[in-house]
Structures are given as C-alpha cells and as structure tokens.
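Engineer: The following file, final-v3.cif, comprises mmCIF, C-alpha atoms:
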data_final
#
loop_
_atom_site.label_atom_id
_atom_site.label_comp_id
_atom_site.auth_asym_id
_atom_site.auth_seq_id
_atom_site.Cartn_x
_atom_site.Cartn_y
_atom_site.Cartn_z
CA MET A 1 102.52 124.43 154.98
CA ASN A 2 106.26 124.81 154.34
CA GLY A 3 105.65 127.62 151.89
CA ASN A 4 104.33 125.20 149.34
CA SER A 5 102.07 127.61 147.51
CA ASP A 6 101.67 125.29 144.51
CA ASN A 7 99.33 123.29 146.65
CA LEU A 8 96.93 126.19 146.79
CA SER A 9 95.73 125.73 143.25
CA ILE A 10 94.82 122.10 143.78
CA LYS A 11 93.22 123.03 147.08
CA VAL A 12 91.01 125.68 145.59
CA GLU A 13 90.09 123.46 142.68
CA LEU A 14 89.13 120.57 144.93
CA PHE A 15 87.13 122.73 147.25
CA GLU A 16 85.05 124.00 144.38
CA GLY A 17 83.64 120.59 143.69
CA ASP A 18 81.59 118.49 146.01
CA SER A 19 83.46 116.69 148.74
CA PHE A 20 84.54 113.13 148.12
CA THR A 21 82.81 110.08 149.50
CA GLY A 22 86.01 108.05 149.67
CA PRO A 23 89.35 107.25 148.05
CA LEU A 24 87.71 105.70 144.97
CA ASP A 25 85.64 108.84 144.52
CA LEU A 26 88.76 110.98 144.71
CA LEU A 27 90.61 108.72 142.30
CA LEU A 28 87.73 108.76 139.84
CA TYR A 29 87.63 112.54 140.07
CA LEU A 30 91.33 112.75 139.23
CA LEU A 31 90.86 110.42 136.24
CA LYS A 32 87.97 112.50 134.93
CA ARG A 33 89.74 115.78 135.51
CA ASN A 34 92.73 114.56 133.52
CA GLU A 35 90.45 112.96 130.91
CA VAL A 36 92.33 109.71 130.95
CA ASP A 37 91.14 106.22 130.08
CA ILE A 38 90.14 104.20 133.11
CA TYR A 39 91.57 101.10 131.39
CA ASP A 40 94.92 102.77 130.75
CA ILE A 41 95.64 104.88 133.82
CA PRO A 42 98.84 106.96 133.69
CA ILE A 43 99.66 105.61 137.12
CA GLY A 44 102.69 107.80 137.88
CA TYR A 45 100.88 111.01 137.08
CA ILE A 46 97.70 110.07 138.93
CA THR A 47 99.61 108.77 141.95
CA GLU A 48 101.47 112.06 142.12
CA GLN A 49 98.24 114.03 142.13
CA TYR A 50 96.62 111.73 144.64
CA LEU A 51 99.58 112.08 147.01
CA GLU A 52 99.57 115.83 146.48
CA TYR A 53 95.99 115.92 147.62
CA ILE A 54 96.78 113.83 150.69
CA GLY A 55 99.65 116.24 151.33
CA VAL A 56 97.22 119.15 151.27
CA LEU A 57 95.13 117.40 153.88
CA GLU A 58 98.18 116.81 156.03
CA SER A 59 99.36 120.40 155.69
CA LEU A 60 96.05 121.52 157.14
CA ASN A 61 96.68 119.23 160.09
CA LEU A 62 93.52 117.28 159.39
CA ASP A 63 93.20 113.65 160.22
CA ILE A 64 93.09 111.68 157.05
CA ALA A 65 90.78 108.71 157.03
CA GLY A 66 92.76 105.50 156.96
CA ASP A 67 91.00 104.43 153.78
CA TYR A 68 92.66 107.27 151.88
CA LEU A 69 96.08 106.20 153.09
CA VAL A 70 95.45 102.59 152.08
CA MET A 71 94.69 103.78 148.57
CA ALA A 72 97.83 105.93 148.57
CA ALA A 73 99.86 102.86 149.48
CA THR A 74 98.17 100.79 146.77
CA LEU A 75 98.86 103.44 144.13
CA THR A 76 102.50 103.73 145.14
CA GLN A 77 102.87 99.97 145.07
CA ILE A 78 101.40 99.70 141.58
CA LYS A 79 103.60 102.53 140.41
CA SER A 80 106.75 100.83 141.68
CA LYS A 81 105.70 97.49 140.24
CA MET A 82 105.38 99.07 136.83
CA LEU A 83 108.79 100.64 137.07
CA LEU A 84 110.52 97.40 137.96
CA PRO A 85 111.63 95.21 135.07
CA THR A 86 109.96 91.83 135.03
CA LEU A 87 112.58 89.18 135.61
CA ASP A 88 110.52 86.09 134.94
CA GLU A 89 108.68 86.77 131.71
CA SER A 90 107.19 83.30 131.51
CA ALA A 91 105.31 83.46 134.80
CA THR A 92 102.99 86.39 135.56
CA GLY A 93 105.10 88.80 133.59
CA ASP A 94 102.43 90.07 131.26
CA GLU A 95 100.00 90.89 134.03
CA ASP A 96 99.28 94.60 134.32
CA PRO A 97 99.48 95.64 137.98
CA ARG A 98 96.89 98.36 137.28
CA GLU A 99 94.22 95.72 136.86
CA ALA A 100 93.80 95.58 140.63
CA LEU A 101 92.46 99.14 140.39
CA VAL A 102 90.35 98.95 137.27
CA GLY A 103 87.79 96.46 138.59
CA PRO A 104 86.93 98.38 141.76
CA LEU A 105 86.98 101.70 139.88
CA VAL A 106 84.60 100.54 137.16
CA GLU A 107 82.27 98.98 139.70
CA PHE A 108 82.36 102.09 141.88
CA SER A 109 81.71 104.31 138.89
CA ARG A 110 78.62 102.29 138.00
CA MET A 111 77.31 102.58 141.54
CA LYS A 112 77.91 106.31 141.49
CA ASP A 113 75.86 106.52 138.31
CA ALA A 114 73.19 104.35 139.88
CA ALA A 115 73.06 106.68 142.88
CA GLU A 116 72.72 109.60 140.48
CA LEU A 117 69.80 107.90 138.71
CA LEU A 118 68.07 107.24 142.02
CA SER A 119 68.45 110.88 143.04
CA GLU A 120 66.85 111.99 139.80
CA ARG A 121 63.68 109.97 140.34
CA PHE A 122 60.47 111.58 141.56
CA ILE A 123 61.27 111.32 145.23
CA LEU A 124 58.45 111.16 147.76
CA GLU A 125 58.05 114.35 149.77
CA ARG A 126 60.51 116.16 147.55
CA ASP A 127 58.89 115.93 144.10
CA VAL A 128 55.65 114.07 144.72
CA PHE A 129 53.32 114.08 147.70
CA LEU A 130 50.62 111.97 149.28
CA ARG A 131 47.53 113.05 151.11
CA GLY A 132 48.51 113.82 154.69
CA SER A 133 51.78 115.50 153.78
CA PHE A 134 50.67 118.63 155.61
CA ASP A 135 49.75 116.76 158.77
CA ASP A 136 52.07 119.04 160.73
CA PHE A 137 50.57 122.20 159.26
CA LYS A 138 48.52 123.12 162.33
CA ASP A 139 51.25 122.22 164.78
CA ALA A 140 53.09 125.19 166.17
CA VAL A 141 56.10 122.98 166.76
CA GLU A 142 59.10 123.92 164.73
CA SER A 143 60.37 121.38 162.30
CA GLU A 144 62.88 118.92 163.54
CA GLU A 145 66.34 120.16 162.80
CA GLU A 146 68.65 117.65 161.34
CA ILE A 147 72.13 117.39 162.68
CA LEU A 148 74.53 118.38 159.96
CA ASN A 149 76.32 115.36 158.63
CA ALA A 150 79.64 117.04 158.01
CA SER A 151 82.74 115.38 156.67
CA VAL A 152 86.31 116.41 157.15
CA PHE A 153 86.20 117.84 153.63
CA LEU A 154 83.34 120.11 154.55
CA LEU A 155 85.41 121.39 157.45
CA MET A 156 88.40 121.91 155.17
CA GLU A 157 86.24 123.71 152.69
CA GLY A 158 84.79 125.95 155.37
CA TRP A 159 88.26 126.75 156.66
CA GLN A 160 89.46 127.41 153.13
CA ASN A 161 86.59 129.82 152.59
CA ILE A 162 87.46 131.66 155.76
CA ILE A 163 91.14 131.89 154.88
CA THR A 164 90.69 133.01 151.28
CA ARG A 165 87.58 135.13 151.26
CA THR A 166 87.40 138.67 152.42
CA PRO A 167 83.92 139.07 153.81
CA LYS A 168 82.05 142.37 153.85
CA PRO A 169 80.74 142.42 157.36
CA LYS A 170 78.65 144.90 159.32
CA PHE A 171 80.73 144.54 162.42
CA GLY A 172 83.21 142.20 163.99
CA ILE A 173 85.84 141.68 166.57
CA ASP A 174 88.53 144.29 166.52
CA PHE A 175 91.71 142.29 166.19
CA THR A 176 93.87 145.34 165.84
CA ILE A 177 94.51 145.52 169.57
CA GLU A 178 97.80 143.81 170.09
CA SER A 179 98.11 140.58 172.03
CA MET A 180 94.43 140.14 172.69
CA THR A 181 93.66 137.21 174.90
CA ILE A 182 91.01 134.70 174.02
CA GLY A 183 89.11 136.00 177.03
CA GLN A 184 89.02 139.49 175.55
CA ILE A 185 87.89 138.16 172.19
CA ILE A 186 85.11 136.22 173.83
CA GLU A 187 84.00 139.34 175.67
CA GLU A 188 83.97 141.36 172.47
CA LEU A 189 81.96 138.69 170.67
CA ARG A 190 79.51 138.72 173.59
CA GLN A 191 79.04 142.46 173.37
CA ASN A 192 78.57 142.30 169.62
CA LEU A 193 75.93 139.60 169.87
CA LEU A 194 74.11 141.35 172.72
CA GLU A 195 73.79 144.34 170.44
CA TYR A 196 73.08 142.69 167.08
CA LYS A 197 71.37 139.46 168.27
CA SER A 198 72.70 137.46 165.34
CA ALA A 199 75.65 137.40 162.99
CA HIS A 200 77.13 135.25 160.31
CA PHE A 201 80.33 133.48 161.23
CA SER A 202 82.21 135.22 158.42
CA GLU A 203 81.20 138.60 159.82
CA ILE A 204 82.77 138.15 163.19
CA LEU A 205 86.16 137.67 161.58
CA LYS A 206 86.06 141.06 159.89
CA ASN A 207 89.28 142.52 161.14
CA SER A 208 91.22 139.33 161.61
CA LYS A 209 94.66 139.34 160.06
CA GLY A 210 96.06 135.87 159.92
CA PRO A 211 95.08 132.28 160.58
CA LEU A 212 95.78 132.76 164.28
CA ASP A 213 93.19 135.52 164.63
CA LYS A 214 90.71 133.38 162.75
CA ALA A 215 91.40 130.42 164.95
CA LEU A 216 90.85 132.59 168.03
CA GLY A 217 87.54 133.84 166.63
CA PHE A 218 86.58 130.24 165.96
CA LEU A 219 87.49 129.20 169.51
CA ALA A 220 85.55 132.12 170.98
CA THR A 221 82.49 131.05 168.97
CA LEU A 222 82.80 127.46 170.15
CA GLU A 223 83.26 128.51 173.77
CA LEU A 224 80.16 130.72 173.75
CA ALA A 225 78.19 127.94 172.05
CA ARG A 226 79.34 125.55 174.75
CA THR A 227 78.08 127.77 177.56
CA GLY A 228 74.73 128.24 175.81
CA PHE A 229 75.22 131.95 175.25
CA LEU A 230 74.79 131.54 171.53
CA ARG A 231 73.37 128.95 169.18
CA LEU A 232 74.96 127.95 165.90
CA TYR A 233 72.69 127.32 163.00
CA GLN A 234 73.56 126.24 159.48
CA ASP A 235 70.81 125.89 156.95
CA ASN A 236 71.96 122.78 155.21
CA GLU A 237 74.91 120.96 153.85
CA GLU A 238 74.96 123.11 150.74
CA ASP A 239 75.47 126.32 152.63
CA ARG A 240 79.21 126.14 152.77
CA SER A 241 79.85 129.63 154.01
CA GLY A 242 79.58 128.68 157.67
CA PRO A 243 77.01 128.90 160.44
CA ARG A 244 75.02 131.85 161.74
CA LEU A 245 75.38 132.79 165.37
CA TYR A 246 72.24 133.55 167.35
CA LEU A 247 72.03 135.02 170.80
CA ALA A 248 70.42 132.24 172.84
CA ASN A 249 70.87 132.94 176.52
CA PRO A 250 72.25 136.39 177.40
CA ASP A 251 72.54 135.31 181.03
CA ALA A 252 74.87 132.41 180.34
CA ALA A 253 77.88 132.36 182.65
CA THR A 254 79.96 135.48 182.31
CA LEU A 255 83.08 134.27 180.68
CA THR A 256 85.38 137.09 181.57
CA GLU A 257 85.45 135.71 185.09
CA PHE A 258 87.83 133.12 183.82
CA ASP A 259 91.22 133.56 182.38
CA TYR A 260 91.50 131.96 179.00
CA ARG A 261 95.01 133.01 178.41
CA MET B 8 28.97 94.98 138.52
CA SER B 9 29.89 97.22 135.65
CA LEU B 10 33.48 98.28 135.10
CA THR B 11 32.53 101.95 135.54
CA ASN B 12 30.92 101.15 138.85
CA LEU B 13 33.91 99.09 139.98
CA LYS B 14 36.34 101.79 138.91
CA THR B 15 34.56 104.36 141.08
CA ILE B 16 34.61 102.05 144.10
CA VAL B 17 38.31 101.34 143.59
CA GLU B 18 38.95 105.07 143.26
CA ALA B 19 37.20 105.66 146.60
CA LEU B 20 39.24 102.92 148.28
CA LEU B 21 42.51 104.29 146.93
CA PHE B 22 41.55 107.77 148.07
CA VAL B 23 41.04 106.53 151.61
CA SER B 24 44.15 104.40 151.81
CA ASP B 25 47.36 105.50 153.48
CA CYS B 26 49.59 103.00 151.72
CA PRO B 27 49.84 101.54 148.20
CA MET B 28 46.99 99.04 147.65
CA SER B 29 47.46 95.89 145.60
CA PRO B 30 44.53 94.22 143.79
CA GLU B 31 44.71 91.53 146.48
CA ASP B 32 44.36 94.16 149.22
CA LEU B 33 41.36 95.72 147.46
CA LEU B 34 39.63 92.36 147.11
CA GLY B 35 39.03 92.44 150.86
CA ALA B 36 36.54 95.29 150.40
CA PHE B 37 34.15 93.12 148.42
CA GLU B 38 31.90 90.20 149.24
CA THR B 39 32.83 86.71 148.12
CA ASN B 40 32.46 86.30 144.35
CA GLU B 41 31.35 89.93 143.97
CA VAL B 42 34.43 90.70 141.86
CA ASN B 43 37.54 88.78 140.88
CA LEU B 44 41.19 89.79 140.74
CA ASP B 45 41.25 90.24 136.97
CA GLU B 46 38.35 92.68 137.09
CA LEU B 47 40.12 94.65 139.80
CA LYS B 48 43.33 94.74 137.77
CA ASP B 49 41.40 96.00 134.74
CA ALA B 50 39.78 98.70 136.84
CA LEU B 51 43.19 99.74 138.22
CA SER B 52 44.86 99.93 134.86
CA GLU B 53 41.95 101.94 133.41
CA LEU B 54 42.06 104.33 136.31
CA THR B 55 45.81 104.67 135.89
CA SER B 56 45.53 105.64 132.27
CA GLU B 57 42.61 107.99 132.92
CA TYR B 58 44.57 109.86 135.53
CA SER B 59 47.67 110.07 133.39
CA SER B 60 45.84 111.34 130.30
CA GLU B 61 43.55 113.88 131.94
CA ASP B 62 44.61 117.21 133.24
CA ARG B 63 44.67 116.06 136.84
CA ALA B 64 46.59 117.27 139.84
CA PHE B 65 47.69 113.77 140.68
CA ASN B 66 48.57 110.47 139.11
CA LEU B 67 47.70 106.93 140.06
CA LYS B 68 51.10 105.29 140.33
CA GLU B 69 52.14 101.69 140.72
CA ILE B 70 54.32 101.69 143.81
CA ALA B 71 55.86 98.85 145.81
CA GLY B 72 53.45 96.27 144.43
CA GLY B 73 50.35 98.43 144.93
CA TYR B 74 48.61 101.53 143.62
CA GLN B 75 48.72 105.00 145.12
CA PHE B 76 47.69 108.55 144.27
CA ARG B 77 50.62 110.95 144.11
CA THR B 78 50.70 114.62 143.18
CA ARG B 79 52.34 115.51 139.91
CA PRO B 80 55.94 116.65 140.31
CA GLU B 81 55.24 120.08 138.80
CA PHE B 82 53.33 121.05 141.94
CA SER B 83 56.13 120.18 144.34
CA ILE B 84 57.25 123.78 144.66
CA TYR B 85 53.86 124.77 146.13
CA ALA B 86 53.62 121.76 148.38
CA LEU B 87 57.09 122.36 149.74
CA ARG B 88 56.25 125.94 150.65
CA LEU B 89 53.30 124.90 152.76
CA ARG B 90 55.06 122.06 154.48
CA LYS B 91 56.80 122.63 157.77
CA LYS B 92 59.17 119.71 157.51
CA SER B 93 62.01 120.22 155.07
CA PRO B 94 62.45 117.34 152.64
CA SER B 95 64.85 114.87 154.14
CA ARG B 96 67.96 114.77 152.10
CA LEU B 97 70.38 111.93 151.72
CA SER B 98 74.08 112.71 151.52
CA ARG B 99 76.04 111.55 148.51
CA ALA B 100 77.67 108.87 150.63
CA ALA B 101 74.22 107.67 151.73
CA MET B 102 72.93 107.65 148.14
CA GLU B 103 75.94 105.65 147.00
CA THR B 104 75.51 103.13 149.78
CA LEU B 105 71.80 102.86 149.08
CA ALA B 106 72.48 102.26 145.39
CA VAL B 107 75.00 99.54 146.23
CA ILE B 108 72.49 97.81 148.51
CA ALA B 109 69.63 98.21 146.03
CA TYR B 110 71.56 96.69 143.15
CA ARG B 111 73.54 94.03 145.02
CA GLN B 112 71.07 92.88 147.66
CA PRO B 113 71.26 90.88 149.81
CA ILE B 114 74.71 92.20 150.60
CA LEU B 115 77.19 92.09 153.49
CA ARG B 116 78.56 95.24 155.06
CA ALA B 117 82.07 94.06 154.13
CA GLU B 118 81.02 93.86 150.48
CA ILE B 119 79.54 97.35 150.58
CA GLU B 120 82.75 98.70 152.07
CA LYS B 121 84.89 96.94 149.50
CA LEU B 122 82.81 98.39 146.71
CA ARG B 123 82.87 101.94 148.04
CA GLY B 124 86.36 101.81 149.51
CA VAL B 125 85.29 103.33 152.84
CA ASP B 126 83.76 102.36 156.16
CA ALA B 127 79.97 102.10 155.88
CA GLY B 128 78.89 101.67 159.51
CA GLY B 129 77.52 105.16 160.07
CA VAL B 130 75.73 105.35 156.74
CA ILE B 131 74.13 101.92 157.19
CA LYS B 132 72.87 102.97 160.61
CA SER B 133 71.30 106.14 159.25
CA LEU B 134 69.70 104.28 156.31
CA MET B 135 68.28 101.75 158.79
CA GLU B 136 66.86 104.59 160.91
CA LYS B 137 65.22 106.07 157.81
CA ASP B 138 63.70 102.62 157.17
CA LEU B 139 65.18 102.51 153.65
CA ILE B 140 67.16 99.32 154.29
CA ARG B 141 66.61 96.32 156.52
CA ILE B 142 68.38 93.24 157.78
CA ALA B 143 67.32 90.58 155.30
CA SER B 144 69.01 87.53 156.79
CA ARG B 145 72.40 86.24 157.82
CA GLN B 146 75.13 84.64 155.78
CA GLU B 147 75.00 81.21 157.42
CA ASN B 148 78.10 79.75 155.81
CA LEU B 149 80.44 82.50 157.00
CA PRO B 150 82.00 82.65 160.47
CA GLY B 151 79.99 84.87 162.80
CA ARG B 152 76.98 84.67 160.44
CA PRO B 153 77.30 88.28 159.26
CA ILE B 154 74.21 90.35 158.47
CA LEU B 155 72.88 90.64 154.93
CA TYR B 156 71.23 93.94 154.05
CA ALA B 157 68.39 94.60 151.61
CA THR B 158 66.07 97.48 150.73
CA THR B 159 62.60 97.95 152.22
CA ALA B 160 59.15 98.67 150.80
CA LYS B 161 59.71 102.24 151.94
CA PHE B 162 62.69 102.39 149.61
CA LEU B 163 60.39 101.56 146.68
CA GLU B 164 57.84 104.12 147.90
CA THR B 165 60.47 106.82 148.31
CA PHE B 166 62.02 106.32 144.89
CA ASP B 167 58.80 105.89 142.93
CA LEU B 168 59.38 102.25 142.01
CA PRO B 169 56.73 99.56 141.36
CA SER B 170 59.23 96.84 142.29
CA LEU B 171 62.94 96.13 142.49
CA ALA B 172 62.78 94.81 138.94
CA ALA B 173 61.95 98.37 137.86
CA LEU B 174 65.35 99.68 138.92
CA PRO B 175 67.20 100.98 135.85
CA THR B 176 69.50 98.20 134.70
CA LEU B 177 73.16 98.83 135.30
CA ASP B 178 74.08 98.07 131.72
CA GLU B 179 71.96 101.02 130.61
CA ILE B 180 73.94 103.37 132.74
CA ASN B 181 77.36 101.92 132.18
CA ASN B 182 78.79 104.44 129.77
CA LEU B 183 82.39 103.37 130.24
CA SER B 184 84.20 101.75 127.38
CA PRO B 185 83.90 97.98 127.57
CA PRO B 186 86.76 96.14 129.26
CA GLU B 187 88.90 93.72 127.39
CA ALA B 188 87.64 90.20 127.85
CA GLY B 189 88.65 88.63 131.13
CA SER B 190 90.56 91.63 132.39
CA LEU B 191 88.07 92.58 135.06
CA ASN B 192 86.88 89.42 136.69
CA LYS B 193 89.83 88.80 138.90
CA LEU B 194 88.55 90.86 141.82
CA PHE B 195 84.89 90.09 141.66
#
Could you spell out this file's structure in structure tokens?
Structural biologist:
Amino acid sequence: MNGNSDNLSIKVELFEGDSFTGPLDLLLYLLKRNEVDIYDIPIGYITEQYLEYIGVLESLNLDIAGDYLVMAATLTQIKSKMLLPTLDESATGDEDPREALVGPLVEFSRMKDAAELLSERFILERDVFLRGSFDDFKDAVESEEEILNASVFLLMEGWQNIITRTPKPKFGIDFTIESMTIGQIIEELRQNLLEYKSAHFSEILKNSKGPLDKALGFLATLELARTGFLRLYQDNEEDRSGPRLYLANPDAATLTEFDYR
Amino acid sequence: MSLTNLKTIVEALLFVSDCPMSPEDLLGAFETNEVNLDELKDALSELTSEYSSEDRAFNLKEIAGGYQFRTRPEFSIYALRLRKKSPSRLSRAAMETLAVIAYRQPILRAEIEKLRGVDAGGVIKSLMEKDLIRIASRQENLPGRPILYATTAKFLETFDLPSLAALPTLDEINNLSPPEAGSLNKLF
C-alpha cells in the first residue's frame, strides 16, 4: 500500500455504500457525492477520484475488471483533450469532449432509477402471494440455498471489515505463538470447532495481529472447508460481516498429517 | 344469466386457477352463446372493485393480460414467516439489466452492455434461468444474427404489471435537468 494512508478514507467511505455494478455506477456515485452537474462535469477532479479508487483496488491486489480500466482511460483522455488548446477553431473546436460521457451517464442513470422503481413494486412472493405459496410447507426438505453472488467489491468489503474491526469473540486461534505454521493454525481451528461446533469467521481471528495472521486464518478456513471438515454459511448478500463456520464432518482427513509450511 | 350470478361463477373460476385468467380464457368455461366477452369483462371489473373496496385479505389484480387473486401486501410479513423458501432476491446488477431489457426490448446483449458499461453474460444467464427474460428473435440484418432479448409473462407476474404498457414511463422518473438541445443524441 506504499504507506498511502490517505486512501483509507476513500476506502472506508466506499465500503459503506453498496458495491458498484460497473464503471458508470461508480462514476455516477462520484458525481452525486461531489454534488456536481452531470452536464458540466469537473473532469479533472472526478478523474482524479476515479483513479484514486482504482488505485485502492490495485493496492489490495485485487483484479480490476477490464471495464473499469476502459473507463479510466476514457476519463484520462477527455481530461487531456480539455487541457490541450484547440488549434483549428473552425473545425470541431467547439465540441465538448465530455459529451461522450454525458449520454451514457444520463441513460444509465435513468435505467438505475427504472430498476429502483421495479424493486419498489409489489413483488410476487415477497410482498404479495398466490394460493399455493406454502406448497413446500409439509416437506421436511430444507429450502434450497442460493449460491452467493459475490462481486470483487463484496470481497474487498469483507476484507476491509476484517482489517479494521476489532471483533469481540468468545474464542479464537492463539496467534501469539511465534512462527506458527499454517498446519498448526489449521489444527487449532479444528480443535476449536470440535469443541464449539460453530463460530463466526470474525471470531476465529480474535488474537490475530496483522494482515498476515488474518490471511493465515482465512487460508485455514478455506482448507478445512475444502476437506469437508467444516461448512461455510452466509445468510445473504446483505450480511457483510463474513460467513459462519459449522462443523460438518469431524472425521474429515486429519490435516496435521501434512506439512503446510 | 344475471350479473350477480356470472360474477360468482367467475369468482369460482379465478379461485381455482393457477395463472392469471383473461376474459377469453374464462369464456371457455361457458356454453356457446351463454355469455359474451363484454359481460365477462363487466363481471371482472365489478369483482375487482368489490375486492379493492371491501376489507378483504386479497385483491383481484390485473396481471399479464389476465386476472388473479393476490394477498394484500400488508400480510406479507406473516406469509414470509410460514414459508420455507426465502424470497428470491435479484442483485442490483440483475435489476439494472432487467430494467434495461424491460424498457428497451427487444434488445441485443451488446446494447445492454453498452448501456450498463459492463459485461452482461452472467446476469443474462441468471435472468433466463429465472424465466424473467427470453430470447425474442434474432437481429437478421446483423452478421451472426445476434439474439434479441425481451421480458416474459413471468416478468409481468413478478412485478405486478397488467402489461408492458403499464411500466412507469421513463420521462416520469427522469429527474435530471434537461440536456441542451442536440447535445445528447450523438451516441444513441
């Protein structure tokens, strides 16, 4: 992160809101946040903020969707066009290079509003119901779990929560032992889960000190999920605090047999 | 047949039906020349207003070209508690894509992506699986005859719409200051 702590404020601010559905969504957010006129965009200022955001993504080593980079290039191009003096005034000199942005932005903004209006309608099986809506009432089968449709922003947000928040856990891995191997951490997580049966992801990181400890805790969780020892469950997209860990198969392959170092 | 009598029969038919019933659908329940379409429409509109004015648990709603009983939204909290399935939610990206398709149909995937500024493949697939959109036709005059997408009857049913014409008009929701004449049409 190159000690760039200024980025933290924009990070935290962005994570507070909902994640973005694309570069236009991000751009529109920046325009609204700065309360500027969509038809008179302060292109230098907005470009700077947009690039800062992309920089935050890069500093977290996250892959940035190509679409975001295309928009960054477009913004930079418009910015430089506006800085350059127009040599041939008679030709296309009076054309505002920002116009290429305004059309798509306005159209996108309308569609966003339209989506909002649709969400507010009386939606079937959320607000209104038909006869037969309880047809699964007598079935003992558990409801079908939806696979979480997570974006890279959700992941960033989750990571941000882990890094910034100090959870108040019941128990957790003891990271105080120096130079713990991933194998030891996995073993400790196993013992904890065998005892407590379930835990929230934030709890297992109780005593972690830095990002490295957290990453190790994360890896241990993934490894135990992979072997089937535990199951990860997250209620829905809105629960941003991370998954809960459930003991699934206590007899899953004993991991300490292997050296994870 | 008296209107009261007809209304009761129509009410029974709607109660039994699984899907929204149009006057044309209902006509099939009667013998030739027993009733005509106009009488059925009168019965339906009377029933609709009776249900909306009385203190009933459900409304008769015009949905996707037909009529259907639906519970009033104020009871959703109870219904949701008793249901096993959680209400299926659409992500914001899916809602945006659905709105684009609803308002611009029939529309190419490339047009959707241009409008939203991101790849739409995954979202389109999931909307197709949920039966909210369908392949309407193909753009014959373009190379490769790309697919044109449109919304389904299930879309209308899900979003409580009598027809596509009932979608809120985009001008109503456009609260942005108006563009200067001719400044916007270059890209579209």
Engineer: Which one of B:Glu103, B:Glu38, B:Glu118, B:Glu136 sits closest to chain A if you count all atoms listed in the file?
Structural biologist: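 Distance minimum relative to chain A lands on B:Glu103.
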Engineer: Fewer than 6 positions away in the same chain doesn't count, so skip those; otherwise give me all residues within 12 Å of segment 40-42 of chain B, counting only C-alpha atoms, as a list in words.
Structural biologist: Met8, Ser9, Leu10, Asn12, Leu13, Lys14, Ile16, Val17, Pro30, Glu31, Leu33, Leu34, Lys48, Asp49 and Ala50 of chain B
Engineer: Which one of A:Leu27, A:Leu118, A:Leu57, A:Leu84 sits closest to chain B if you count only C-alpha atoms?
Structural biologist: A:Leu118
Engineer: Tell me as a short mmCIF file (atom, residue, chain, number, x, y, z; two decimals) with C-alpha atoms, keeping the file's coordinate frame which residues belonging to chain A come within 6 Å of chain B, counting all atoms listed in the file.
Structural biologist:
data_model
loop_
_atom_site.label_atom_id
_atom_site.label_comp_id
_atom_site.auth_asym_id
_atom_site.auth_seq_id
_atom_site.Cartn_x
_atom_site.Cartn_y
_atom_site.Cartn_z
CA THR A 21 82.81 110.08 149.50
CA GLY A 22 86.01 108.05 149.67
CA ASP A 67 91.00 104.43 153.78
CA GLY A 103 87.79 96.46 138.59
CA ARG A 110 78.62 102.29 138.00
CA LYS A 112 77.91 106.31 141.49
CA ALA A 114 73.19 104.35 139.88
CA ALA A 115 73.06 106.68 142.88
CA ILE A 123 61.27 111.32 145.23
CA LEU A 124 58.45 111.16 147.76
CA ARG A 126 60.51 116.16 147.55
CA ASP A 127 58.89 115.93 144.10
CA VAL A 128 55.65 114.07 144.72
CA PHE A 129 53.32 114.08 147.70
CA LEU A 130 50.62 111.97 149.28
CA PHE A 134 50.67 118.63 155.61
CA SER A 143 60.37 121.38 162.30
#
Engineer: So which residues get picked by the PyMOL selection byres ((chain B and resi 170) around 9) here, written as a list in words?
Structural biologist: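 After applying the PyMOL selection byres ((chain B and resi 170) around 9), what remains is Glu69, Ile70, Ala71, Gly72, Ala160, Leu163, Leu168, Pro169, Leu171, Ala172, Ala173 and Leu174 of chain B.
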Engineer: Selected residues, C-alpha atoms, written as a tab-separated table (two decimals), in the coordinates of the input, please.
Structural biologist:
chain	number	residue	atom	x	y	z
B	69	GLU	CA	52.14	101.69	140.72
B	70	ILE	CA	54.32	101.69	143.81
B	71	ALA	CA	55.86	98.85	145.81
B	72	GLY	CA	53.45	96.27	144.43
B	160	ALA	CA	59.15	98.67	150.80
B	163	LEU	CA	60.39	101.56	146.68
B	168	LEU	CA	59.38	102.25	142.01
B	169	PRO	CA	56.73	99.56	141.36
B	171	LEU	CA	62.94	96.13	142.49
B	172	ALA	CA	62.78	94.81	138.94
B	173	ALA	CA	61.95	98.37	137.86
B	174	LEU	CA	65.35	99.68	138.92
Engineer: What gap, in Å, lies between atom CA of Leu30 of chain A and atom CA of Pro104 of chain A?
Structural biologist: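 Calculated distance between atom CA of Leu30 of chain A and atom CA of Pro104 of chain A is 15.2 Å.
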Engineer: Quote the spacing between atom CA of Ala36 of chain B and atom CA of Ala64 of chain B in Å to one decimal place.
Structural biologist: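 Taking atom CA of Ala36 of chain B as the start and atom CA of Ala64 of chain B as the end point, the length is 26.4 Å.
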Engineer: Could you tell me which of B:Ala117, B:Lys132, B:Phe37, B:Ile140 comes closest to Pro153 of chain B if we count only C-alpha atoms?
Structural biologist: B:Ala117
Engineer: Measuring between all atoms listed in the file, which one of A:Met82, A:Leu222, A:Ile38, A:Ala215 shows the shortest distance to Val106 of chain A?
Structural biologist: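 Using all atoms listed in the file, Val106 of chain A sits closest to A:Ile38.
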Engineer: Using Å and a single decimal, report how far atom CA of Pro42 of chain A sits from atom CA of Ser80 of chain A.
Structural biologist: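 One can read the atom CA of Ser80 of chain A to atom CA of Pro42 of chain A distance as 12.8 Å.
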Engineer: Write out as a PyMOL selection string each polymer residue whose atoms come within 8 Å of Thr227 of chain A, counting only C-alpha atoms; drop sequence neighbours fewer than 3 positions from it.
Structural biologist: chain A and resi 223-224+230+252-253
Engineer: For this structure, which residues satisfy the selection - the PyMOL selection byres ((chain A and resi 76) around 10) - when it is evaluated on the file as given? I want them as a list in words.
Structural biologist: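 Listing what the PyMOL selection byres ((chain A and resi 76) around 10) selects in the shown file: Ile43, Gly44, Thr47, Glu48, Tyr50, Leu51, Val70, Met71, Ala72, Ala73, Thr74, Leu75, Gln77, Ile78, Lys79, Ser80, Lys81 and Met82 of chain A.
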